[in-house]
$ cat structure06.txt   # compact mmCIF, C-alpha atoms
# COMPACT_ATOMS: atom_id res chain seq x y z
CA MET W 11 -37.29 -94.37 -29.10
CA LEU W 12 -34.60 -91.89 -30.05
CA ARG W 13 -32.42 -91.27 -26.99
CA LEU W 14 -30.13 -88.31 -26.54
CA SER W 15 -27.37 -88.09 -23.95
CA ARG W 16 -25.64 -84.73 -23.42
CA GLU W 17 -22.58 -84.13 -21.29
CA ILE W 18 -22.78 -80.97 -19.20
CA ARG W 19 -19.83 -79.59 -17.26
CA VAL W 20 -21.13 -77.91 -14.10
CA GLU W 21 -19.76 -74.37 -13.90
CA TRP W 22 -19.49 -72.03 -10.94
CA GLY W 23 -22.46 -69.97 -12.19
CA HIS W 24 -24.71 -73.06 -12.17
CA CYS W 25 -24.36 -73.34 -8.39
CA ASP W 26 -26.05 -71.71 -5.43
CA PRO W 27 -24.55 -70.61 -2.09
CA ALA W 28 -24.72 -74.24 -0.90
CA ARG W 29 -22.20 -74.98 -3.69
CA ILE W 30 -24.54 -77.37 -5.51
CA VAL W 31 -26.38 -76.94 -8.79
CA TYR W 32 -29.26 -74.53 -8.34
CA ASN W 33 -32.36 -76.64 -9.17
CA PRO W 34 -33.78 -74.31 -11.89
CA ASN W 35 -30.68 -75.04 -13.97
CA PHE W 36 -31.90 -78.61 -14.38
CA TYR W 37 -35.15 -77.27 -15.86
CA ASP W 38 -33.16 -75.09 -18.25
CA TRP W 39 -31.09 -78.12 -19.29
CA MET W 40 -34.33 -80.10 -19.80
CA GLU W 41 -35.56 -77.40 -22.16
CA GLY W 42 -32.26 -77.54 -24.05
CA GLY W 43 -32.46 -81.32 -24.13
CA LEU W 44 -35.88 -81.18 -25.76
CA LEU W 45 -34.57 -78.83 -28.46
CA ALA W 46 -31.44 -80.96 -28.99
CA LEU W 47 -33.53 -84.14 -29.25
CA PHE W 48 -35.78 -82.62 -31.90
CA ALA W 49 -32.80 -81.17 -33.79
CA ALA W 50 -31.06 -84.58 -33.73
CA ALA W 51 -34.18 -86.03 -35.35
CA GLY W 52 -34.04 -83.38 -38.10
CA PHE W 53 -36.61 -80.98 -36.64
CA ASP W 54 -34.88 -77.82 -35.42
CA MET W 55 -37.53 -75.80 -33.55
CA ALA W 56 -36.21 -72.31 -34.39
CA PRO W 57 -36.57 -72.70 -38.18
CA MET W 58 -39.90 -74.49 -37.70
CA ILE W 59 -41.25 -71.54 -35.73
CA ALA W 60 -39.74 -69.03 -38.18
CA LYS W 61 -41.35 -70.80 -41.18
CA ASP W 62 -44.84 -71.12 -39.69
CA ALA W 63 -46.28 -68.00 -38.02
CA ASP W 64 -48.99 -70.06 -36.29
CA PHE W 65 -46.73 -72.78 -34.83
CA ARG W 66 -46.19 -72.17 -31.11
CA GLY W 67 -43.84 -75.01 -30.24
CA THR W 68 -44.32 -77.60 -27.51
CA PRO W 69 -45.52 -75.89 -24.33
CA LEU W 70 -45.09 -77.72 -21.05
CA VAL W 71 -48.43 -78.69 -19.48
CA ARG W 72 -47.22 -81.01 -16.72
CA GLY W 73 -43.90 -81.69 -15.09
CA ASP W 74 -42.41 -83.38 -12.07
CA ALA W 75 -38.87 -83.90 -10.89
CA SER W 76 -37.19 -85.83 -8.10
CA PHE W 77 -33.82 -84.54 -6.90
CA MET W 78 -31.82 -87.42 -5.46
CA ALA W 79 -28.21 -86.26 -5.26
CA PRO W 80 -26.29 -83.02 -5.77
CA ALA W 81 -23.95 -81.95 -8.55
CA ARG W 82 -21.09 -79.56 -7.89
CA VAL W 83 -18.69 -77.28 -9.73
CA GLY W 84 -16.49 -79.27 -12.08
CA ASP W 85 -18.74 -82.34 -12.24
CA LEU W 86 -19.34 -83.78 -15.70
CA ILE W 87 -22.98 -84.81 -15.59
CA VAL W 88 -24.96 -86.52 -18.34
CA HIS W 89 -28.51 -85.54 -19.30
CA HIS W 90 -30.46 -88.41 -20.88
CA VAL W 91 -33.74 -87.50 -22.62
CA GLU W 92 -36.26 -89.41 -24.71
CA VAL W 93 -39.93 -89.44 -25.61
CA SER W 94 -41.63 -91.96 -23.34
CA ARG W 95 -45.20 -91.71 -24.69
CA TRP W 96 -46.97 -90.41 -27.76
CA GLY W 97 -50.52 -89.16 -27.62
CA THR W 98 -52.51 -87.58 -30.40
CA LYS W 99 -51.80 -83.97 -29.39
CA SER W 100 -49.32 -84.53 -26.57
CA PHE W 101 -46.20 -86.45 -25.71
CA ASP W 102 -44.23 -87.28 -22.58
CA LEU W 103 -40.51 -86.83 -22.11
CA HIS W 104 -38.36 -88.67 -19.61
CA HIS W 105 -35.24 -86.89 -18.34
CA ARG W 106 -32.49 -88.40 -16.21
CA PHE W 107 -29.33 -86.68 -15.02
CA THR W 108 -26.43 -88.85 -13.92
CA LEU W 109 -22.96 -88.45 -12.46
CA ASN W 110 -20.93 -91.58 -13.08
CA ASP W 111 -23.31 -94.36 -11.94
CA ALA W 112 -25.42 -92.16 -9.64
CA THR W 113 -28.79 -90.74 -10.67
CA LEU W 114 -29.03 -87.09 -9.66
CA VAL W 115 -32.45 -86.13 -11.04
CA GLU W 116 -35.37 -87.99 -12.64
CA ALA W 117 -38.05 -85.90 -14.33
CA ASN W 118 -41.09 -86.36 -16.53
CA GLN W 119 -42.84 -83.78 -18.65
CA THR W 120 -46.01 -83.70 -20.72
CA ARG W 121 -45.97 -81.31 -23.66
CA VAL W 122 -48.49 -80.45 -26.35
CA TRP W 123 -48.01 -79.63 -30.01
CA ALA W 124 -49.38 -76.11 -30.22
CA ARG W 125 -50.58 -73.67 -32.81
CA ALA W 126 -52.26 -70.30 -32.57
CA ASN W 127 -55.92 -70.74 -31.77
CA PRO W 128 -57.79 -69.80 -34.98
CA ASP W 129 -60.59 -68.21 -32.91
CA ASN W 130 -58.17 -66.20 -30.78
CA PRO W 131 -54.61 -65.98 -32.16
CA GLN W 132 -53.36 -64.70 -28.78
CA SER W 133 -54.11 -68.10 -27.23
CA LEU W 134 -52.92 -71.61 -28.00
CA ALA W 135 -54.63 -74.70 -29.31
CA ALA W 136 -53.25 -78.22 -28.98
CA VAL W 137 -53.22 -79.95 -32.36
CA PRO W 138 -52.13 -83.42 -33.50
CA VAL W 139 -48.39 -84.06 -33.42
CA PRO W 140 -47.28 -84.49 -37.06
CA ASP W 141 -46.65 -88.12 -38.02
CA ALA W 142 -43.19 -87.24 -39.39
CA ILE W 143 -42.19 -86.01 -35.93
CA LYS W 144 -43.45 -89.17 -34.26
CA VAL W 145 -41.65 -91.40 -36.77
CA ALA W 146 -38.33 -89.53 -36.48
CA LEU W 147 -38.38 -89.48 -32.67
CA SER W 148 -39.46 -93.12 -32.46
CA GLU W 149 -36.32 -94.37 -34.23
CA ASP W 150 -34.31 -96.81 -32.10
CA LYS W 151 -31.11 -94.80 -31.92
CA HIS W 152 -28.85 -93.29 -29.23
CA ILE W 153 -27.08 -89.98 -29.89
CA ARG W 154 -24.36 -88.58 -27.63
CA GLN W 155 -23.50 -84.88 -27.48
CA THR W 156 -21.49 -82.54 -25.35
CA ILE W 157 -22.44 -78.98 -24.46
CA HIS W 158 -19.36 -78.09 -22.48
CA GLN W 159 -15.94 -76.84 -23.44
CA GLU W 160 -13.19 -78.67 -21.63
CA THR W 161 -11.01 -76.23 -19.71
CA ARG W 162 -8.82 -78.60 -17.74
$ encode --input "structure06.txt" --output "structure tokens"
Amino acid sequence: MLRLSREIRVEWGHCDPARIVYNPNFYDWMEGGLLALFAAAGFDMAPMIAKDADFRGTPLVRGDASFMAPARVGDLIVHHVEVSRWGTKSFDLHHRFTLNDATLVEANQTRVWARANPDNPQSLAAVPVPDAIKVALSEDKHIRQTIHQETR
């Protein structure tokens, strides 16, 4: 599967009063990792949504995370993300955040490929994931990115 690793520099604003990364930031980084993974495969979500008024993206339908160790201001953590399972209308993502050799967070998500429900456009309908998406994200390749600006 296509694997994406993104370096993230922990900033002061990512942390809570305990001086560790506030857990919801990991969920935000997971969302960004999904978008970066798709973009790396040639499928940028923003233009896809803009081109197709009925496409609703990949809503999260299940998620779990285990927090094993903290990250603090100044840490350079790495977010690893890849598709771990393809279904007909859904797919699973595996996320892992590391600091050096330590695993900080392990998370799994199930998402669906969604379009506006033809019977009620205000609601969603899960539809088959396009084959082109599955092929592109199934490529055996590892991409490394950084989303921080070095200030040291």
$ closest_residue --input "structure06.txt" --among "W:Lys144, W:His89, W:Lys151, W:Arg125" --to "W:Asp38" --atoms "only C-alpha atoms"
W:His89
$ residues_around --input "structure06.txt" --residues "W:Phe107" --least-positions-apart "6" --cutoff "9 Å" --atoms "all atoms listed in the file" --output "JSON, numbers by chain"
{"W": [36, 87, 88, 89, 90, 91, 113, 114, 115, 116, 117]}
$ axis_aligned_box --input "structure06.txt" --around "stretch 21-28 of chain W" --padding-each-side "4 Å" --output "lines of an AutoDock Vina configuration file"
center_x = -22.8
center_y = -72.2
center_z = -7.4
size_x = 14.6
size_y = 12.4
size_z = 21.0
$ closest_residue --input "structure06.txt" --among "W:Leu109, W:Ala146, W:Leu86, W:Ala124" --to "W:Ala63" --atoms "all atoms listed in the file"
W:Ala124
$ residues_around --input "structure06.txt" --residues "W:Thr120" --least-positions-apart "5" --cutoff "10 Å" --atoms "only C-alpha atoms" --output "list in words"
Thr68, Pro69, Leu70, Val71, Arg72, Gly73, Asp74, Val93, Ser94, Arg95, Trp96, Gly97, Ser100, Phe101, Asp102, Leu103 and His104 of chain W
$ residues_around --input "structure06.txt" --residues "stretch 42-57 of chain W" --least-positions-apart "6" --cutoff "8 Å" --atoms "all atoms listed in the file" --output "short mmCIF file (atom, residue, chain, number, x, y, z; two decimals) with C-alpha atoms, in the coordinates of the input"
data_model
loop_
_atom_site.label_atom_id
_atom_site.label_comp_id
_atom_site.auth_asym_id
_atom_site.auth_seq_id
_atom_site.Cartn_x
_atom_site.Cartn_y
_atom_site.Cartn_z
CA LEU W 12 -34.60 -91.89 -30.05
CA ARG W 13 -32.42 -91.27 -26.99
CA LEU W 14 -30.13 -88.31 -26.54
CA ARG W 16 -25.64 -84.73 -23.42
CA GLY W 67 -43.84 -75.01 -30.24
CA HIS W 89 -28.51 -85.54 -19.30
CA VAL W 91 -33.74 -87.50 -22.62
CA GLU W 92 -36.26 -89.41 -24.71
CA ILE W 143 -42.19 -86.01 -35.93
CA ALA W 146 -38.33 -89.53 -36.48
CA LEU W 147 -38.38 -89.48 -32.67
CA ILE W 153 -27.08 -89.98 -29.89
#
$ atom_distance --input "structure06.txt" --atom1 "atom CA of W:Asn127" --atom2 "atom CA of W:Ala142"
22.2 Å
$ atom_distance --input "structure06.txt" --atom1 "atom CA of W:Pro80" --atom2 "atom CA of W:Val31"
6.8 Å
$ closest_residue --input "structure06.txt" --among "W:Asp141, W:Glu41, W:Glu149, W:Asp111" --to "W:Thr98" --atoms "all atoms listed in the file"
W:Asp141
